[in-house]
$ cat work_32.cif   # mmCIF, C-alpha atoms and all ligand atoms
data_run
#
loop_
_atom_site.label_atom_id
_atom_site.label_comp_id
_atom_site.auth_asym_id
_atom_site.auth_seq_id
_atom_site.Cartn_x
_atom_site.Cartn_y
_atom_site.Cartn_z
CA MET A 19 -14.44 37.87 15.34
CA LEU A 20 -14.37 41.55 14.28
CA GLU A 21 -11.24 40.73 12.28
CA LEU A 22 -13.48 39.03 9.70
CA PHE A 23 -15.65 42.15 9.42
CA PRO A 24 -14.90 45.27 7.36
CA LYS A 25 -12.20 47.61 8.60
CA SER A 26 -14.68 50.15 9.96
CA ALA A 27 -16.65 47.61 12.05
CA ARG A 28 -16.91 48.38 15.79
CA VAL A 29 -18.99 47.24 18.70
CA GLU A 30 -20.57 50.23 20.45
CA ALA A 31 -22.94 49.85 23.39
CA GLY A 32 -23.27 46.16 22.60
CA GLU A 33 -24.18 46.70 18.96
CA LEU A 34 -22.24 46.23 15.74
CA THR A 35 -21.67 49.38 13.71
CA ILE A 36 -20.26 49.48 10.18
CA GLY A 37 -19.00 52.72 8.65
CA GLY A 38 -20.25 54.41 11.80
CA VAL A 39 -23.84 53.22 11.28
CA PRO A 40 -25.48 50.92 13.88
CA VAL A 41 -26.80 47.80 12.20
CA SER A 42 -30.25 48.15 13.81
CA ARG A 43 -30.64 51.49 12.04
CA LEU A 44 -29.71 49.84 8.72
CA ALA A 45 -32.15 46.99 9.26
CA ASP A 46 -34.97 49.35 10.26
CA GLU A 47 -34.41 51.67 7.32
CA PHE A 48 -33.66 49.17 4.54
CA GLY A 49 -35.13 45.89 5.81
CA THR A 50 -33.47 42.47 5.99
CA PRO A 51 -31.76 40.50 4.58
CA LEU A 52 -29.46 43.36 3.71
CA VAL A 53 -25.94 43.35 2.30
CA VAL A 54 -23.92 46.18 3.81
CA TYR A 55 -20.76 47.32 2.01
CA ASP A 56 -18.10 49.34 3.78
CA GLU A 57 -16.74 51.98 1.42
CA ALA A 58 -13.46 52.36 3.31
CA SER A 59 -12.70 48.64 2.97
CA VAL A 60 -13.30 48.61 -0.79
CA ARG A 61 -11.10 51.67 -1.26
CA ALA A 62 -8.36 50.26 0.98
CA GLN A 63 -8.20 47.01 -0.98
CA ALA A 64 -8.10 48.87 -4.30
CA ARG A 65 -5.25 51.02 -2.99
CA ALA A 66 -3.38 47.95 -1.74
CA TYR A 67 -3.44 46.54 -5.28
CA ARG A 68 -2.46 49.84 -6.90
CA GLU A 69 0.42 50.28 -4.45
CA ALA A 70 1.65 46.70 -4.86
CA ALA A 71 1.58 47.05 -8.66
CA PRO A 72 1.85 50.72 -9.63
CA ASP A 73 2.49 49.90 -13.30
CA ALA A 74 -0.31 47.38 -13.63
CA LEU A 75 -3.80 47.75 -14.97
CA VAL A 76 -6.01 46.49 -12.16
CA VAL A 77 -9.48 45.37 -13.28
CA TYR A 78 -12.26 44.31 -10.90
CA GLY A 79 -13.69 40.82 -11.46
CA THR A 80 -17.20 42.21 -11.91
CA LYS A 81 -18.73 38.75 -11.43
CA ALA A 82 -17.98 38.98 -7.69
CA PHE A 83 -20.76 41.60 -7.43
CA ALA A 84 -21.93 43.44 -10.50
CA ASN A 85 -22.95 46.80 -9.10
CA VAL A 86 -22.68 50.21 -10.70
CA ALA A 87 -21.94 52.11 -7.47
CA ILE A 88 -19.13 49.71 -6.51
CA LEU A 89 -17.70 49.85 -10.03
CA ARG A 90 -17.74 53.67 -9.87
CA LEU A 91 -16.05 53.68 -6.50
CA LEU A 92 -13.36 51.36 -7.80
CA ALA A 93 -12.96 53.52 -10.91
CA GLU A 94 -12.25 56.48 -8.60
CA GLU A 95 -9.38 54.40 -7.23
CA GLY A 96 -8.07 53.75 -10.75
CA VAL A 97 -9.52 50.24 -11.11
CA GLY A 98 -11.16 49.07 -14.35
CA ALA A 99 -13.40 46.07 -14.99
CA ASP A 100 -12.99 42.44 -16.00
CA VAL A 101 -16.28 41.39 -17.61
CA SER A 102 -17.35 38.10 -19.12
CA THR A 103 -20.81 38.73 -20.56
CA LEU A 104 -22.85 41.39 -22.30
CA GLY A 105 -24.55 42.06 -18.97
CA GLU A 106 -21.34 42.65 -17.05
CA LEU A 107 -20.08 44.87 -19.86
CA ALA A 108 -23.27 46.93 -19.54
CA PHE A 109 -22.65 47.37 -15.80
CA ALA A 110 -19.07 48.54 -16.47
CA ARG A 111 -20.24 50.97 -19.16
CA ALA A 112 -23.02 52.27 -16.91
CA ALA A 113 -20.34 53.04 -14.32
CA GLY A 114 -18.49 55.07 -16.96
CA ILE A 115 -15.50 52.75 -17.25
CA ALA A 116 -13.53 53.43 -20.43
CA GLY A 117 -12.91 50.64 -22.95
CA ASP A 118 -9.17 50.66 -22.38
CA ALA A 119 -9.81 49.72 -18.74
CA ILE A 120 -12.09 46.80 -19.65
CA VAL A 121 -10.96 43.20 -20.24
CA PHE A 122 -13.56 40.92 -21.84
CA HIS A 123 -13.46 37.19 -20.98
CA GLY A 124 -15.58 34.14 -21.61
CA ASN A 125 -15.17 30.59 -22.87
CA ASN A 126 -18.14 30.96 -25.26
CA LYS A 127 -18.59 34.56 -26.31
CA SER A 128 -21.48 35.25 -28.65
CA VAL A 129 -21.12 37.32 -31.82
CA GLU A 130 -23.17 39.99 -30.05
CA GLU A 131 -20.72 39.97 -27.12
CA LEU A 132 -17.69 40.20 -29.38
CA ARG A 133 -19.29 43.11 -31.27
CA ALA A 134 -20.12 44.92 -28.02
CA ALA A 135 -16.56 44.36 -26.73
CA ALA A 136 -15.19 45.70 -30.03
CA GLU A 137 -17.45 48.72 -29.90
CA ALA A 138 -16.38 49.47 -26.33
CA GLY A 139 -12.71 49.16 -27.33
CA ALA A 140 -12.18 46.47 -24.71
CA LEU A 141 -9.25 44.07 -24.61
CA VAL A 142 -10.66 40.68 -25.62
CA VAL A 143 -9.21 37.45 -24.21
CA LEU A 144 -9.28 34.74 -26.88
CA ASP A 145 -10.29 31.42 -25.39
CA ALA A 146 -10.72 29.06 -28.36
CA PRO A 147 -9.24 28.48 -31.85
CA SER A 148 -12.53 29.38 -33.50
CA GLU A 149 -12.66 32.68 -31.71
CA VAL A 150 -9.89 34.29 -33.79
CA ASP A 151 -12.02 34.61 -36.90
CA ALA A 152 -15.14 35.43 -34.93
CA ALA A 153 -13.33 38.24 -33.10
CA ALA A 154 -11.76 39.64 -36.27
CA GLU A 155 -15.14 39.61 -38.03
CA ALA A 156 -16.79 41.34 -35.07
CA GLY A 157 -14.30 44.19 -35.37
CA VAL A 158 -12.20 43.35 -32.32
CA ARG A 159 -8.72 44.91 -32.52
CA ARG A 160 -6.85 44.23 -29.27
CA VAL A 161 -6.57 40.70 -27.89
CA LEU A 162 -4.84 38.51 -25.34
CA VAL A 163 -4.58 34.74 -25.68
CA ARG A 164 -5.59 32.67 -22.66
CA LEU A 165 -3.08 29.96 -21.82
CA THR A 166 -3.94 26.94 -19.70
CA PRO A 167 -0.76 26.46 -17.68
CA GLY A 168 -1.74 22.98 -16.49
CA VAL A 169 -1.52 23.55 -12.73
CA GLU A 170 -3.90 22.31 -10.05
CA ALA A 171 -4.99 25.17 -7.82
CA VAL A 172 -5.53 24.23 -4.17
CA THR A 173 -9.16 25.29 -3.81
CA HIS A 174 -12.63 23.85 -4.35
CA ALA A 175 -12.71 21.81 -7.58
CA ALA A 176 -15.51 23.96 -9.04
CA ILE A 177 -13.32 27.07 -9.02
CA ARG A 178 -10.04 25.65 -10.36
CA THR A 179 -9.37 26.98 -13.84
CA ALA A 180 -5.83 26.15 -14.94
CA HIS A 181 -5.64 22.36 -14.87
CA GLU A 182 -5.51 20.09 -17.90
CA GLY A 183 -9.07 19.32 -18.88
CA THR A 184 -10.54 22.69 -17.85
CA LYS A 185 -13.03 24.37 -20.18
CA PHE A 186 -10.98 27.57 -20.03
CA GLY A 187 -8.08 28.61 -22.22
CA LEU A 188 -5.76 26.87 -24.62
CA SER A 189 -2.93 24.37 -24.29
CA PRO A 190 0.51 25.75 -25.20
CA GLU A 191 0.30 24.19 -28.70
CA ALA A 192 -3.20 25.53 -29.33
CA ALA A 193 -2.30 28.93 -27.85
CA ARG A 194 0.68 29.17 -30.18
CA ALA A 195 -1.52 28.49 -33.20
CA VAL A 196 -4.04 31.07 -31.99
CA VAL A 197 -1.31 33.71 -31.59
CA GLU A 198 -0.14 33.05 -35.17
CA ARG A 199 -3.63 33.01 -36.63
CA ALA A 200 -4.62 36.18 -34.75
CA ARG A 201 -1.60 37.99 -36.17
CA GLU A 202 -2.47 36.77 -39.66
CA ARG A 203 -5.95 38.18 -39.23
CA GLY A 204 -4.45 41.54 -38.35
CA LEU A 205 -5.38 41.49 -34.66
CA ASP A 206 -3.11 43.27 -32.25
CA VAL A 207 -1.99 40.43 -29.96
CA GLU A 208 -0.98 42.38 -26.86
CA GLY A 209 -0.07 39.37 -24.77
CA VAL A 210 -1.15 36.34 -22.82
CA HIS A 211 -3.59 35.67 -19.99
CA MET A 212 -3.79 33.09 -17.21
CA HIS A 213 -6.12 32.61 -14.26
CA VAL A 214 -5.29 29.78 -11.88
CA GLY A 215 -8.44 29.64 -9.76
CA SER A 216 -10.38 31.45 -7.06
CA GLN A 217 -10.23 31.61 -3.25
CA LEU A 218 -6.51 30.79 -3.42
CA THR A 219 -4.63 30.85 -0.15
CA ARG A 220 -1.22 29.69 -1.39
CA ILE A 221 0.97 31.29 -3.99
CA GLU A 222 2.98 28.25 -5.14
CA GLU A 223 0.67 27.09 -7.95
CA SER A 224 0.35 30.62 -9.29
CA VAL A 225 4.13 31.07 -9.35
CA LEU A 226 4.44 27.76 -11.20
CA ALA A 227 1.83 28.93 -13.68
CA VAL A 228 3.78 32.14 -14.38
CA GLU A 229 6.94 30.05 -14.90
CA ARG A 230 5.09 27.97 -17.49
CA LEU A 231 3.74 31.08 -19.11
CA ARG A 232 7.30 32.47 -19.37
CA HIS A 233 8.47 29.21 -20.88
CA PHE A 234 5.67 29.47 -23.45
CA LEU A 235 6.79 32.99 -24.38
CA GLU A 236 10.45 31.94 -24.61
CA GLU A 237 9.55 29.16 -27.04
CA LEU A 238 7.86 31.77 -29.21
CA ASP A 239 10.77 34.15 -28.70
CA TRP A 240 8.19 36.79 -27.81
CA THR A 241 8.24 39.56 -25.21
CA PRO A 242 4.64 40.74 -25.17
CA GLN A 243 3.38 44.14 -24.18
CA THR A 244 1.06 42.70 -21.52
CA ILE A 245 0.76 39.67 -19.25
CA ASP A 246 -2.57 39.24 -17.51
CA LEU A 247 -2.16 37.25 -14.29
CA GLY A 248 -5.88 36.87 -13.55
CA GLY A 249 -7.38 37.12 -10.06
CA GLY A 250 -7.81 34.53 -7.36
CA LEU A 251 -6.47 35.82 -4.04
CA GLY A 252 -8.69 34.43 -1.28
CA ILE A 253 -10.20 36.08 1.79
CA ARG A 254 -10.78 34.88 5.36
CA TYR A 255 -14.24 33.46 5.95
CA THR A 256 -13.49 32.00 9.37
CA ARG A 257 -10.97 32.79 12.06
CA GLU A 258 -9.06 29.64 11.11
CA ASP A 259 -8.47 30.80 7.54
CA GLU A 260 -5.11 32.31 6.66
CA VAL A 261 -4.48 34.25 3.47
CA PRO A 262 -1.49 36.15 2.08
CA SER A 263 -1.66 39.96 2.03
CA VAL A 264 -2.28 41.73 -1.28
CA ALA A 265 1.30 43.07 -1.17
CA ASP A 266 2.85 39.62 -0.64
CA TRP A 267 0.63 37.97 -3.24
CA VAL A 268 1.14 40.55 -5.95
CA GLY A 269 4.84 40.98 -5.14
CA ALA A 270 5.52 37.25 -5.54
CA LEU A 271 3.80 37.15 -8.93
CA LEU A 272 5.34 40.33 -10.32
CA ARG A 273 8.82 39.06 -9.45
CA GLU A 274 8.28 36.27 -11.98
CA LEU A 275 7.47 38.54 -14.91
CA PRO A 276 9.94 39.45 -17.63
CA ALA A 277 11.13 43.09 -17.49
CA GLY A 278 9.21 45.72 -19.41
CA VAL A 279 5.92 43.85 -19.55
CA ARG A 280 2.77 45.63 -18.30
CA PRO A 281 0.88 43.38 -15.89
CA ILE A 282 -2.89 43.16 -15.64
CA LEU A 283 -4.46 41.93 -12.39
CA GLU A 284 -8.09 40.84 -12.09
CA PRO A 285 -9.04 40.62 -8.41
CA GLY A 286 -12.69 40.10 -7.57
CA ARG A 287 -13.24 38.54 -4.16
CA SER A 288 -10.26 40.22 -2.50
CA LEU A 289 -11.57 43.69 -3.46
CA VAL A 290 -15.12 43.37 -2.14
CA GLY A 291 -15.42 40.15 -0.11
CA ARG A 292 -14.47 41.43 3.32
CA ALA A 293 -16.16 44.75 2.68
CA GLY A 294 -19.59 43.08 2.69
CA VAL A 295 -21.66 41.93 5.67
CA THR A 296 -25.10 40.34 5.40
CA LEU A 297 -27.66 41.24 8.05
CA TYR A 298 -30.48 38.80 8.74
CA ARG A 299 -33.36 38.90 11.19
CA VAL A 300 -33.68 35.84 13.42
CA GLY A 301 -37.11 34.20 13.36
CA VAL A 302 -37.94 30.74 14.66
CA VAL A 303 -35.58 29.20 17.23
CA LYS A 304 -36.26 25.52 17.93
CA GLU A 305 -34.74 22.21 18.90
CA SER A 306 -34.70 19.09 16.74
CA GLY A 307 -32.92 15.86 17.60
CA GLY A 308 -30.28 17.51 19.75
CA VAL A 309 -29.66 20.41 17.34
CA THR A 310 -30.90 23.92 18.09
CA TYR A 311 -31.92 25.75 14.96
CA ALA A 312 -32.03 29.51 14.58
CA ALA A 313 -33.79 30.38 11.33
CA ILE A 314 -33.05 33.56 9.40
CA ASP A 315 -35.16 35.48 6.89
CA GLY A 316 -32.87 34.60 3.93
CA GLY A 317 -30.68 31.64 3.06
CA MET A 318 -29.58 29.91 -0.10
CA SER A 319 -31.32 32.46 -2.32
CA ASP A 320 -29.03 35.26 -1.14
CA ASN A 321 -25.96 33.13 -0.46
CA PRO A 322 -25.74 29.67 -2.05
CA ARG A 323 -22.01 29.28 -1.38
CA PRO A 324 -22.44 26.71 1.44
CA GLN A 325 -24.44 24.51 -0.94
CA LEU A 326 -22.18 25.10 -3.97
CA TYR A 327 -18.73 24.94 -2.41
CA GLY A 328 -19.22 23.71 1.13
CA ALA A 329 -18.32 27.25 2.19
CA ARG A 330 -18.09 27.95 5.93
CA TYR A 331 -19.08 31.21 7.60
CA GLU A 332 -19.11 32.67 11.08
CA ALA A 333 -21.74 34.95 12.57
CA LEU A 334 -22.19 37.59 15.25
CA LEU A 335 -25.41 38.29 17.10
CA ALA A 336 -25.13 41.91 16.08
CA THR A 337 -27.55 43.53 18.50
CA ARG A 338 -26.10 41.71 21.54
CA ALA A 339 -22.51 41.69 20.36
CA GLU A 340 -20.89 41.79 23.78
CA GLU A 341 -22.74 38.83 25.27
CA LEU A 342 -20.75 35.62 25.61
CA PRO A 343 -21.74 32.52 23.64
CA THR A 344 -23.99 30.18 25.57
CA GLY A 345 -24.48 27.45 22.99
CA VAL A 346 -24.06 26.13 19.50
CA TYR A 347 -26.77 26.91 16.95
CA ARG A 348 -27.42 25.76 13.41
CA ILE A 349 -28.26 28.77 11.26
CA ALA A 350 -30.89 27.66 8.76
CA GLY A 351 -32.45 29.63 5.94
CA LYS A 352 -36.15 29.91 5.17
CA HIS A 353 -36.07 27.77 1.99
CA CYS A 354 -37.83 24.45 1.61
CA GLU A 355 -34.73 22.26 1.70
CA THR A 356 -32.96 20.52 4.52
CA GLY A 357 -29.68 21.61 2.91
CA ASP A 358 -30.56 25.28 3.28
CA VAL A 359 -28.12 25.74 6.15
CA LEU A 360 -25.89 28.81 6.17
CA ILE A 361 -23.80 27.83 9.20
CA ASP A 362 -23.73 24.34 10.62
CA ALA A 363 -22.54 25.22 14.11
CA ALA A 364 -22.35 28.85 15.23
CA GLU A 365 -21.36 29.65 18.81
CA LEU A 366 -23.68 32.42 19.96
CA PRO A 367 -25.52 33.85 22.90
CA GLU A 368 -28.99 32.30 22.76
CA PRO A 369 -30.63 33.88 19.69
CA ARG A 370 -34.13 35.30 20.18
CA PRO A 371 -36.68 36.15 17.51
CA GLY A 372 -36.05 39.68 16.27
CA ASP A 373 -32.30 39.64 16.91
CA LEU A 374 -30.04 40.69 14.06
CA LEU A 375 -27.44 38.22 12.87
CA ALA A 376 -24.43 39.59 10.97
CA VAL A 377 -22.48 37.31 8.64
CA PRO A 378 -19.09 38.72 7.61
CA ALA A 379 -17.09 38.13 4.42
CA THR A 380 -20.23 38.09 2.27
CA GLY A 381 -19.38 40.86 -0.20
CA ALA A 382 -18.28 38.59 -3.05
CA TYR A 383 -20.26 35.91 -4.92
CA THR A 384 -23.28 36.06 -2.64
CA LEU A 385 -25.89 38.39 -4.13
CA ALA A 386 -24.10 37.79 -7.44
CA LEU A 387 -25.02 34.09 -7.20
CA GLY A 388 -28.41 34.81 -5.68
CA SER A 389 -31.70 33.54 -7.01
CA THR A 390 -35.39 34.03 -6.40
CA TYR A 391 -35.87 30.42 -5.30
CA ASN A 392 -39.18 29.85 -3.50
CA GLY A 393 -40.35 33.16 -4.96
CA VAL A 394 -38.13 35.07 -2.55
CA PRO A 395 -37.12 38.47 -3.98
CA ARG A 396 -33.43 39.32 -3.79
CA PRO A 397 -32.22 41.61 -0.97
CA ALA A 398 -31.05 45.20 -1.12
CA ALA A 399 -27.46 46.39 -0.77
CA VAL A 400 -26.23 49.58 0.88
CA LEU A 401 -22.89 51.34 1.02
CA VAL A 402 -21.86 52.85 4.34
CA ALA A 403 -19.27 55.52 5.16
CA ASP A 404 -18.87 58.23 7.83
CA GLY A 405 -22.12 57.46 9.59
CA GLU A 406 -24.21 57.52 6.39
CA ALA A 407 -25.80 54.73 4.38
CA ARG A 408 -26.69 54.89 0.71
CA LEU A 409 -28.84 52.38 -1.17
CA ILE A 410 -26.78 50.90 -4.03
CA ARG A 411 -29.18 48.15 -5.01
CA ARG A 412 -32.90 48.21 -4.43
CA ARG A 413 -34.70 45.26 -2.83
CA GLU A 414 -36.73 43.29 -5.35
CA SER A 415 -40.45 42.83 -4.78
CA VAL A 416 -42.84 39.94 -5.37
CA ASP A 417 -44.73 42.18 -7.85
CA GLU A 418 -41.56 42.44 -9.89
CA LEU A 419 -41.21 38.65 -9.92
CA LEU A 420 -44.79 38.36 -11.17
CA ARG A 421 -44.04 40.72 -14.05
CA PHE A 422 -42.17 37.94 -15.87
CA GLU A 423 -45.24 35.71 -15.83
CA THR A 424 -47.38 35.55 -18.96
N1 LIG B 501 -10.43 36.54 -13.77
C1 LIG B 501 -11.06 35.48 -14.29
C2 LIG B 501 -10.77 35.09 -15.67
C3 LIG B 501 -11.99 34.76 -13.52
O1 LIG B 501 -12.58 33.71 -14.04
C4 LIG B 501 -12.26 35.17 -12.19
C5 LIG B 501 -13.23 34.46 -11.37
C6 LIG B 501 -11.60 36.31 -11.71
C7 LIG B 501 -10.67 36.96 -12.51
C8 LIG B 501 -11.81 36.83 -10.31
O2 LIG B 501 -11.39 35.88 -9.37
P1 LIG B 501 -11.34 36.22 -7.80
O3 LIG B 501 -10.27 37.24 -7.59
O4 LIG B 501 -12.67 36.73 -7.42
O5 LIG B 501 -11.03 34.91 -7.18
N2 LIG B 501 -18.49 31.75 -7.45
C9 LIG B 501 -17.23 31.27 -6.91
C10 LIG B 501 -16.05 32.01 -7.52
C11 LIG B 501 -16.02 31.94 -9.04
C12 LIG B 501 -14.84 32.64 -9.65
C13 LIG B 501 -14.98 32.78 -11.11
N3 LIG B 501 -13.92 33.45 -11.78
C14 LIG B 501 -17.25 31.40 -5.39
O6 LIG B 501 -18.24 31.85 -4.84
O7 LIG B 501 -16.29 31.01 -4.72
#
$ encode --input "work_32.cif" --output "structure tokens" --more "lines below"
Ligand code: LLP
Amino acid sequence: MLELFPKSARVEAGELTIGGVPVSRLADEFGTPLVVYDEASVRAQARAYREAAPDALVVYGTKAFANVAILRLLAEEGVGADVSTLGELAFARAAGIAGDAIVFHGNNKSVEELRAAAEAGALVVLDAPSEVDAAAEAGVRRVLVRLTPGVEAVTHAAIRTAHEGTKFGLSPEAARAVVERARERGLDVEGVHMHVGSQLTRIEESVLAVERLRHFLEELDWTPQTIDLGGGLGIRYTREDEVPSVADWVGALLRELPAGVRPILEPGRSLVGRAGVTLYRVGVVKESGGVTYAAIDGGMSDNPRPQLYGARYEALLATRAEELPTGVYRIAGKHCETGDVLIDAAELPEPRPGDLLAVPATGAYTLALGSTYNGVPRPAAVLVADGEARLIRRRESVDELLRFET
């Protein structure tokens, strides 16, 4: 089970520790639910990407968890930011990330967003025929053109992005016209972009996509300066999951690129997913129709991935981590919906009110997708390293929620 947790996770005297900090100390000091990020894991993943692709620009898919401290930490490792809204751009700028390390995406960028991207000096990924003029008028200089390679990623349908019929990118014919028009408008077309999908566990579709991208370039007789290969490498959520290593994944893609082209990589989940663990406090434990429920003090407001993608998680009873499982428990959230179930069947020692439950692989697209459903304020996040914990996102309060009311 510890293999799903961050690299620094240990069990000491029956209790889970992350970055050398016992989870009970974290829960007492910062409250629960709490998302705990392991600094060493984030740095190690960033280094794995930089080592696998020394000549590439690696940009963090900020959408996985927009957080200034994490962006700064990644910047220290030479990683920039992939942003897709004004808000994400603001996070990247607040972290001090320079414009030439920012890639700006989006299938429907506003004039304001294009202007902000231009002002920051970011590389803008054109996603629609109408965007050429809009970008030129907003003062954008450097662009990529997003190609839809027409491949079906093997992942949840909601996070496939390269198939025919997707809202993202341009068909080869449309992309060709956009390249020509962008050049006419005096934009510096640095290259092409593709992104096959997210939580990918096989490389085949991505390799096929790069082959199609190469074919597109050959037809145009064009060797661009840059090819952006997007993100997408998956992580393990359960012990059954298998994923390629960063080195194998990146190596297989880079092999397909024409010589002399600078790659861009946009990993999100694989940089921060395993680094994050969510701590919950167990409350009510009860039986209903043959199922034993253990309810936690969070749920679909801090992690809606089970509801959105049928995502599966595992859990560890973190304060009694050495006890053997005695039963199967359904981990339910505190929200007013039957579907607010985080884990359908977790094998655990009998949970008791007050126990801490740790859910690994929750560093990406959890808090980022969070809501304040049922008037539940969003949790805090901390970064742990060398026995110390630092608050990197404050817990929201009910008073703050009320401030939006008129
Ligand atoms: N680049 C582009 C253009 C993207 O659209 C994405 C993710 C990434 C990079 C980063 O992909 P990653 O390496 O994280 O797979 N909320 C969903 C995932 C949505 C992904 C959106 N785009 C989930 O929880 O599974």
$ residues_around --input "work_32.cif" --residues "segment 82-85 of chain A" --least-positions-apart "2" --cutoff "8 Å" --atoms "all atoms listed in the file" --output "list in words"
Gly79, Thr80, Ala87, Ile88, Leu89, Glu106, Phe109, Gly286, Arg287, Val290, Gly381, Ala382, Tyr383, Thr384, Leu385, Ala386, Ile410 and Arg411 of chain A
$ closest_residue --input "work_32.cif" --among "A:Pro276, A:Pro281, A:Gly187, A:Pro262" --to "ligand LIG 501 (chain B)" --atoms "all atoms listed in the file"
A:Gly187
$ residues_around --input "work_32.cif" --residues "Glu198 of chain A" --least-positions-apart "6" --cutoff "12 Å" --atoms "only C-alpha atoms" --output "ChimeraX atom specification"
/A:147,150,163,191-192,204-207,238,240
$ residues_around --input "work_32.cif" --residues "segment 252-255 of chain A" --least-positions-apart "4" --cutoff "6 Å" --atoms "all atoms listed in the file" --output "PyMOL selection string"
chain A and resi 217-219+259+288+331+379
$ axis_aligned_box --input "work_32.cif" --around "segment 43-55 of chain A" --padding-each-side "6 Å" --output "AutoDock Vina command-line options"
--center_x -27.9 --center_y 46.1 --center_z 7.0 --size_x 26.4 --size_y 23.2 --size_z 22.0
$ closest_residue --input "work_32.cif" --among "A:Leu44, A:Ala71, A:Met19, A:Ala112" --to "Ala407 of chain A" --atoms "all atoms listed in the file"
A:Leu44
$ closest_residue --input "work_32.cif" --among "A:Ala153, A:Asp46, A:Arg203, A:Leu144" --to "Gly372 of chain A" --atoms "all atoms listed in the file"
A:Asp46
$ residues_around --input "work_32.cif" --residues "Leu360 of chain A" --least-positions-apart "6" --cutoff "10 Å" --atoms "only C-alpha atoms" --output "list in words"
Ala313, Ile314, Gly316, Gly317, Met318, Asn321, Pro322, Arg323, Pro324, Gln325, Gly328, Ala329, Arg330, Tyr331, Glu332, Ala333, Arg348, Ile349, Ala350, Gly351 and Val377 of chain A
$ residues_around --input "work_32.cif" --residues "segment 362-365 of chain A" --least-positions-apart "4" --cutoff "6 Å" --atoms "only C-alpha atoms" --output "number ranges by chain"
A: 343, 345-348
$ closest_residue --input "work_32.cif" --among "A:Val303, A:Val416, A:Ala135, A:Ile177" --to "ligand LIG 501 (chain B)" --atoms "all atoms listed in the file"
A:Ile177
$ closest_residue --input "work_32.cif" --among "A:Val172, A:Gly96, A:Ala134, A:Leu420" --to "Ala108 of chain A" --atoms "only C-alpha atoms"
A:Ala134
$ atom_distance --input "work_32.cif" --atom1 "atom CA of Ala376 of chain A" --atom2 "atom CA of Val29 of chain A"
12.2 Å
$ closest_residue --input "work_32.cif" --among "A:Leu283, A:Leu20, A:Leu271, A:Ala31" --to "ligand LIG 501 (chain B)" --atoms "all atoms listed in the file"
A:Leu283
$ atom_distance --input "work_32.cif" --atom1 "atom CA of Glu229 of chain A" --atom2 "atom CA of Leu162 of chain A"
17.9 Å
$ atom_distance --input "work_32.cif" --atom1 "atom CA of Tyr55 of chain A" --atom2 "atom CA of Arg43 of chain A"
14.7 Å
$ decode --input "work_32.cif" --residues "segment 389-401 of chain A" --atoms "N, CA and C atoms" --output "JSON list (two decimals), in the first residue's frame"
[["chain", "number", "residue", "atom", "x", "y", "z"],
["A", 389, "SER", "N", -15.22, 22.01, -4.66],
["A", 389, "SER", "CA", -16.30, 23.00, -4.64],
["A", 389, "SER", "C", -16.65, 23.29, -3.19],
["A", 390, "THR", "N", -17.63, 24.15, -3.01],
["A", 390, "THR", "CA", -18.08, 24.43, -1.64],
["A", 390, "THR", "C", -19.50, 23.87, -1.49],
["A", 391, "TYR", "N", -19.79, 22.81, -2.18],
["A", 391, "TYR", "CA", -21.10, 22.15, -2.13],
["A", 391, "TYR", "C", -21.52, 21.92, -0.68],
["A", 392, "ASN", "N", -22.79, 22.13, -0.42],
["A", 392, "ASN", "CA", -23.36, 22.01, 0.93],
["A", 392, "ASN", "C", -22.77, 23.07, 1.88],
["A", 393, "GLY", "N", -22.20, 24.13, 1.28],
["A", 393, "GLY", "CA", -21.62, 25.16, 2.15],
["A", 393, "GLY", "C", -20.42, 24.67, 2.93],
["A", 394, "VAL", "N", -19.70, 23.73, 2.35],
["A", 394, "VAL", "CA", -18.50, 23.18, 3.02],
["A", 394, "VAL", "C", -17.27, 23.93, 2.48],
["A", 395, "PRO", "N", -16.56, 24.64, 3.33],
["A", 395, "PRO", "CA", -15.37, 25.37, 2.87],
["A", 395, "PRO", "C", -14.29, 24.39, 2.40],
["A", 396, "ARG", "N", -13.47, 24.84, 1.44],
["A", 396, "ARG", "CA", -12.44, 23.93, 0.93],
["A", 396, "ARG", "C", -11.28, 23.78, 1.91],
["A", 397, "PRO", "N", -10.67, 22.57, 1.90],
["A", 397, "PRO", "CA", -9.60, 22.26, 2.87],
["A", 397, "PRO", "C", -8.30, 23.03, 2.62],
["A", 398, "ALA", "N", -7.42, 22.90, 3.60],
["A", 398, "ALA", "CA", -6.08, 23.48, 3.50],
["A", 398, "ALA", "C", -5.15, 22.48, 2.81],
["A", 399, "ALA", "N", -3.98, 22.99, 2.39],
["A", 399, "ALA", "CA", -2.92, 22.13, 1.87],
["A", 399, "ALA", "C", -1.62, 22.52, 2.55],
["A", 400, "VAL", "N", -0.81, 21.50, 2.84],
["A", 400, "VAL", "CA", 0.52, 21.76, 3.43],
["A", 400, "VAL", "C", 1.58, 21.03, 2.61],
["A", 401, "LEU", "N", 2.80, 21.56, 2.73],
["A", 401, "LEU", "CA", 3.94, 20.94, 2.06],
["A", 401, "LEU", "C", 4.86, 20.42, 3.17]]
